[in-house]
Amino acid sequence: DHFVRDTFGKTLLKDIRYTDVKRFYCELLDEKGIKPITLDNINTLIHPALGMAVRDGVIRSNPSNGVMGEIKKSNLWDKDTGVRHALTIDQGKAFLRYVQRSETYNHWFPMFIVFFGTGMRVGEVCSLRWDDINFEKKEIYVNHTVVPLRKPEGYQLHISTPKTGKSKRMIPMMDEVYEALSEEYERQRMTGFSSYKLDGMTGFVFINRYGKIFQQGLINKAIFRITEEYNTQEILNAAKEKRRPLLIPHFSFYYILHTSCTRMCANATIIKAILDIMGH
């Protein structure tokens, strides 16, 4: 809707050539200034749509074949843009420590511990239920996710199956994850569990102030605010203590997923086990 529908999307299928697709992609990068990772996402919509037109006999060949490969070899493509770097061990610890000690943000701590300690995707964490957690065996069962679906009245959240067949899995809880979830369970047992229901499911672990499950954008905004405030305070503290500040780069929950996987790979030798935990 934002990049394609009112521009390239109005072109008749029979009139689309390889050079038209390439010109459109180059304009997005050069004139619109979009990031390469966004162009990758756009291509994952356009390429299969044109492929379907080929299978339906509307056009003879897919004009988008090979376009992305050529663009990635050009000077327009920033090789480092879109690469998600893992947080360092010190940065991750500093972030979690700041959240845990903050009077403003400490309610986010259990969710971020689950993000860092399990490698679960954002939709899986947001839709996690108490019924999915086995405290006796210290296991989390991932069997669903939450996705935003576009409706005439706007985007609405719905429960869906996990991203892939491998995504339905059992994840062992590290001690930090177990302790954080146990404390959160006891807190909710005293204050009352959520009665919010979505597509027949209830008993969600993480609920926002409106009594509903979190949306992805809100989590990223919280990460941004936390990081900004931490860095500001850390710069002041470092100046007083005459040391170099330990700054945290701006990141999103995708970086946490990448960080979690990186930490697993650095501390385990059985790659198959890591793949199973990550749902790949």
# chains A, B, ... in the order shown; residues from 1 in each chain; ligands from 1
>>> closest_atom_pairs(of="region 147-197 of chain A", to="region 83-106 of chain A", cutoff="12 Å", atoms="only C-alpha atoms", output="CSV")
residue,atom,partner,partner_atom,distance
A:Glu176,CA,A:Leu96,CA,11.2
A:Ala180,CA,A:Gln100,CA,10.4
A:Glu184,CA,A:Asn106,CA,11.5
>>> write_last_selection(atoms="N, CA and C atoms", output="mmCIF file, in the first residue's frame")
data_model
loop_
_atom_site.group_PDB
_atom_site.id
_atom_site.type_symbol
_atom_site.label_atom_id
_atom_site.label_comp_id
_atom_site.auth_asym_id
_atom_site.auth_seq_id
_atom_site.Cartn_x
_atom_site.Cartn_y
_atom_site.Cartn_z
ATOM 1 N N GLU A 176 17.185 -17.873 34.819
ATOM 2 C CA GLU A 176 16.722 -16.484 34.855
ATOM 3 C C GLU A 176 15.300 -16.356 34.311
ATOM 4 N N ALA A 180 12.049 -15.264 36.624
ATOM 5 C CA ALA A 180 11.267 -14.085 36.250
ATOM 6 C C ALA A 180 9.804 -14.442 36.028
ATOM 7 N N GLU A 184 6.491 -13.350 38.235
ATOM 8 C CA GLU A 184 5.362 -12.705 37.564
ATOM 9 C C GLU A 184 4.071 -13.475 37.815
#
>>> residues_around(residues="His2 (chain A)", least_positions_apart="3", cutoff="12 Å", atoms="only C-alpha atoms", output="VMD selection string")
chain A and resid 5 to 9 28 32 34 38 42
>>> write_last_selection(atoms="N, CA and C atoms", output="PDB file, in the first residue's frame")
ATOM      1  N   ARG A   5       1.254   0.052  -4.500  1.00  0.00           N
ATOM      2  CA  ARG A   5      -0.105   0.078  -5.064  1.00  0.00           C
ATOM      3  C   ARG A   5      -0.345   1.258  -6.013  1.00  0.00           C
ATOM      4  N   ASP A   6       0.009   2.455  -5.601  1.00  0.00           N
ATOM      5  CA  ASP A   6      -0.299   3.646  -6.401  1.00  0.00           C
ATOM      6  C   ASP A   6       0.803   4.036  -7.385  1.00  0.00           C
ATOM      7  N   THR A   7       1.855   3.238  -7.476  1.00  0.00           N
ATOM      8  CA  THR A   7       2.951   3.537  -8.411  1.00  0.00           C
ATOM      9  C   THR A   7       3.110   2.373  -9.384  1.00  0.00           C
ATOM     10  N   PHE A   8       4.054   1.512  -9.097  1.00  0.00           N
ATOM     11  CA  PHE A   8       4.305   0.344  -9.955  1.00  0.00           C
ATOM     12  C   PHE A   8       3.079  -0.566 -10.026  1.00  0.00           C
ATOM     13  N   GLY A   9       2.288  -0.567  -8.986  1.00  0.00           N
ATOM     14  CA  GLY A   9       1.116  -1.447  -8.910  1.00  0.00           C
ATOM     15  C   GLY A   9       0.049  -1.146  -9.941  1.00  0.00           C
ATOM     16  N   LEU A  28      13.263   3.429  -5.754  1.00  0.00           N
ATOM     17  CA  LEU A  28      12.953   3.294  -4.326  1.00  0.00           C
ATOM     18  C   LEU A  28      14.205   3.489  -3.475  1.00  0.00           C
ATOM     19  N   LYS A  32      13.585   7.502  -3.168  1.00  0.00           N
ATOM     20  CA  LYS A  32      12.748   7.397  -1.967  1.00  0.00           C
ATOM     21  C   LYS A  32      13.572   7.170  -0.708  1.00  0.00           C
ATOM     22  N   ILE A  34      14.602   4.341   0.647  1.00  0.00           N
ATOM     23  CA  ILE A  34      14.232   3.227   1.513  1.00  0.00           C
ATOM     24  C   ILE A  34      15.458   2.370   1.796  1.00  0.00           C
ATOM     25  N   THR A  38      14.004  -3.146   3.360  1.00  0.00           N
ATOM     26  CA  THR A  38      12.627  -2.849   2.972  1.00  0.00           C
ATOM     27  C   THR A  38      12.396  -3.242   1.525  1.00  0.00           C
ATOM     28  N   ILE A  42       9.659  -5.763  -0.205  1.00  0.00           N
ATOM     29  CA  ILE A  42       8.815  -5.410  -1.349  1.00  0.00           C
ATOM     30  C   ILE A  42       8.965  -6.459  -2.454  1.00  0.00           C
TER      31      ILE A  42
END
>>> residues_around(residues="region 221-236 of chain A", least_positions_apart="2", cutoff="6 Å", atoms="only C-alpha atoms", output="ChimeraX atom specification")
/A:218-219,238-239,245,247
>>> write_last_selection(atoms="N, CA and C atoms", output="PDB file, in the first residue's frame")
ATOM      1  N   LEU A 218       4.570  -1.213  19.915  1.00  0.00           N
ATOM      2  CA  LEU A 218       4.675  -0.679  21.269  1.00  0.00           C
ATOM      3  C   LEU A 218       5.934  -1.181  21.966  1.00  0.00           C
ATOM      4  N   ILE A 219       6.300  -2.429  21.694  1.00  0.00           N
ATOM      5  CA  ILE A 219       7.512  -2.993  22.291  1.00  0.00           C
ATOM      6  C   ILE A 219       8.742  -2.270  21.769  1.00  0.00           C
ATOM      7  N   ALA A 238      29.400   7.915  33.627  1.00  0.00           N
ATOM      8  CA  ALA A 238      30.762   7.656  33.164  1.00  0.00           C
ATOM      9  C   ALA A 238      31.643   8.889  33.315  1.00  0.00           C
ATOM     10  N   ALA A 239      31.067  10.069  33.066  1.00  0.00           N
ATOM     11  CA  ALA A 239      31.831  11.315  33.208  1.00  0.00           C
ATOM     12  C   ALA A 239      32.231  11.542  34.665  1.00  0.00           C
ATOM     13  N   PRO A 245      31.863   5.347  28.706  1.00  0.00           N
ATOM     14  CA  PRO A 245      30.495   4.873  28.912  1.00  0.00           C
ATOM     15  C   PRO A 245      30.219   3.588  28.118  1.00  0.00           C
ATOM     16  N   LEU A 247      27.654   2.249  26.116  1.00  0.00           N
ATOM     17  CA  LEU A 247      26.441   2.676  25.432  1.00  0.00           C
ATOM     18  C   LEU A 247      25.771   1.500  24.715  1.00  0.00           C
TER      19      LEU A 247
END
>>> atom_distance(atom1="CA of Gly57 (chain A)", atom2="CA of Tyr18 (chain A)")
17.6 Å
>>> select_by_dssp(residues="region 10-123 of chain A", states="alpha helix (DSSP H)", output="ChimeraX atom specification")
/A:18-30,36-55,67-72,89-101,109-118,122-123
>>> residues_around(residues="Thr202 (chain A)", least_positions_apart="3", cutoff="12 Å", atoms="only C-alpha atoms", output="ChimeraX atom specification")
/A:127-132,159,193-199,205-207,211-213
>>> select_by_dssp(residues="region 50-237 of chain A", states="strand (DSSP E or B)", output="VMD selection string")
chain A and resid 129 133 to 134 139 to 142 145 to 151 154 to 160 169 to 172 198 201 204 207 213
>>> residues_around(residues="region 249-253 of chain A", least_positions_apart="2", cutoff="6 Å", atoms="only C-alpha atoms", output="PyMOL selection string")
chain A and resi 220+255-256
>>> closest_residue(among="A:Val147, A:Trp108, A:Arg169, A:Tyr155", to="Arg209 (chain A)", atoms="only C-alpha atoms")
A:Trp108
>>> atom_distance(atom1="CA of Leu12 (chain A)", atom2="CA of Met52 (chain A)")
14.5 Å
>>> atom_distance(atom1="CA of Leu29 (chain A)", atom2="CA of Asn62 (chain A)")
21.6 Å
>>> residues_around(residues="Thr11 (chain A)", least_positions_apart="6", cutoff="12 Å", atoms="only C-alpha atoms", output="tab-separated table (two decimals) with all heavy atoms, in the first residue's frame")
chain	number	residue	atom	x	y	z
A	4	VAL	N	3.90	0.42	-3.36
A	4	VAL	CA	3.66	-0.24	-4.64
A	4	VAL	C	2.31	0.09	-5.28
A	4	VAL	O	2.23	0.40	-6.47
A	4	VAL	CB	3.77	-1.79	-4.48
A	4	VAL	CG1	3.57	-2.48	-5.83
A	4	VAL	CG2	5.11	-2.16	-3.88
A	5	ARG	N	1.25	0.05	-4.50
A	5	ARG	CA	-0.11	0.08	-5.06
A	5	ARG	C	-0.35	1.26	-6.01
A	5	ARG	O	-0.87	1.09	-7.12
A	5	ARG	CB	-1.14	0.08	-3.94
A	5	ARG	CG	-2.58	-0.01	-4.46
A	5	ARG	CD	-3.58	0.06	-3.33
A	5	ARG	NE	-3.47	-1.08	-2.44
A	5	ARG	CZ	-4.01	-2.28	-2.69
A	5	ARG	NH1	-4.68	-2.48	-3.82
A	5	ARG	NH2	-3.87	-3.25	-1.82
A	17	ARG	N	8.29	-4.99	-18.07
A	17	ARG	CA	9.52	-5.58	-18.55
A	17	ARG	C	10.54	-5.62	-17.42
A	17	ARG	O	10.38	-4.97	-16.39
A	17	ARG	CB	10.09	-4.75	-19.73
A	17	ARG	CG	9.15	-4.61	-20.91
A	17	ARG	CD	8.95	-5.95	-21.62
A	17	ARG	NE	8.09	-5.81	-22.79
A	17	ARG	CZ	6.77	-6.01	-22.77
A	17	ARG	NH1	6.18	-6.34	-21.62
A	17	ARG	NH2	6.04	-5.89	-23.86
A	20	ASP	N	11.65	-2.34	-16.31
A	20	ASP	CA	10.67	-1.60	-15.53
A	20	ASP	C	10.79	-1.94	-14.04
A	20	ASP	O	10.72	-1.06	-13.18
A	20	ASP	CB	9.24	-1.92	-16.01
A	20	ASP	CG	9.02	-1.50	-17.45
A	20	ASP	OD1	9.52	-0.43	-17.84
A	20	ASP	OD2	8.34	-2.25	-18.18
A	21	VAL	N	10.95	-3.23	-13.77
A	21	VAL	CA	11.10	-3.67	-12.38
A	21	VAL	C	12.39	-3.10	-11.79
A	21	VAL	O	12.40	-2.56	-10.68
A	21	VAL	CB	11.11	-5.21	-12.27
A	21	VAL	CG1	11.25	-5.64	-10.82
A	21	VAL	CG2	9.85	-5.80	-12.88
A	24	PHE	N	12.10	0.64	-11.13
A	24	PHE	CA	11.26	0.88	-9.95
A	24	PHE	C	12.05	0.64	-8.66
A	24	PHE	O	12.02	1.45	-7.73
A	24	PHE	CB	10.03	-0.01	-9.99
A	24	PHE	CG	9.17	0.06	-8.76
A	24	PHE	CD1	8.59	1.27	-8.36
A	24	PHE	CD2	8.94	-1.07	-7.99
A	24	PHE	CE1	7.80	1.34	-7.21
A	24	PHE	CE2	8.15	-1.01	-6.86
A	24	PHE	CZ	7.58	0.19	-6.47
A	50	LEU	N	4.14	-11.84	-9.69
A	50	LEU	CA	4.43	-11.97	-11.13
A	50	LEU	C	4.60	-13.45	-11.51
A	50	LEU	O	4.24	-13.86	-12.60
A	50	LEU	CB	5.68	-11.17	-11.49
A	50	LEU	CG	5.55	-9.64	-11.35
A	50	LEU	CD1	6.89	-8.96	-11.61
A	50	LEU	CD2	4.48	-9.09	-12.27
>>> closest_residue(among="A:Asp276, A:Glu124, A:Glu153, A:Glu70", to="Pro172 (chain A)", atoms="only C-alpha atoms")
A:Asp276
>>> residues_around(residues="Leu39 (chain A)", least_positions_apart="3", cutoff="12 Å", atoms="only C-alpha atoms", output="MDAnalysis selection string")
chainID A and resid 3:4 21:22 24:30 32:36 42:47 67:68 71:72 76:78 81:82
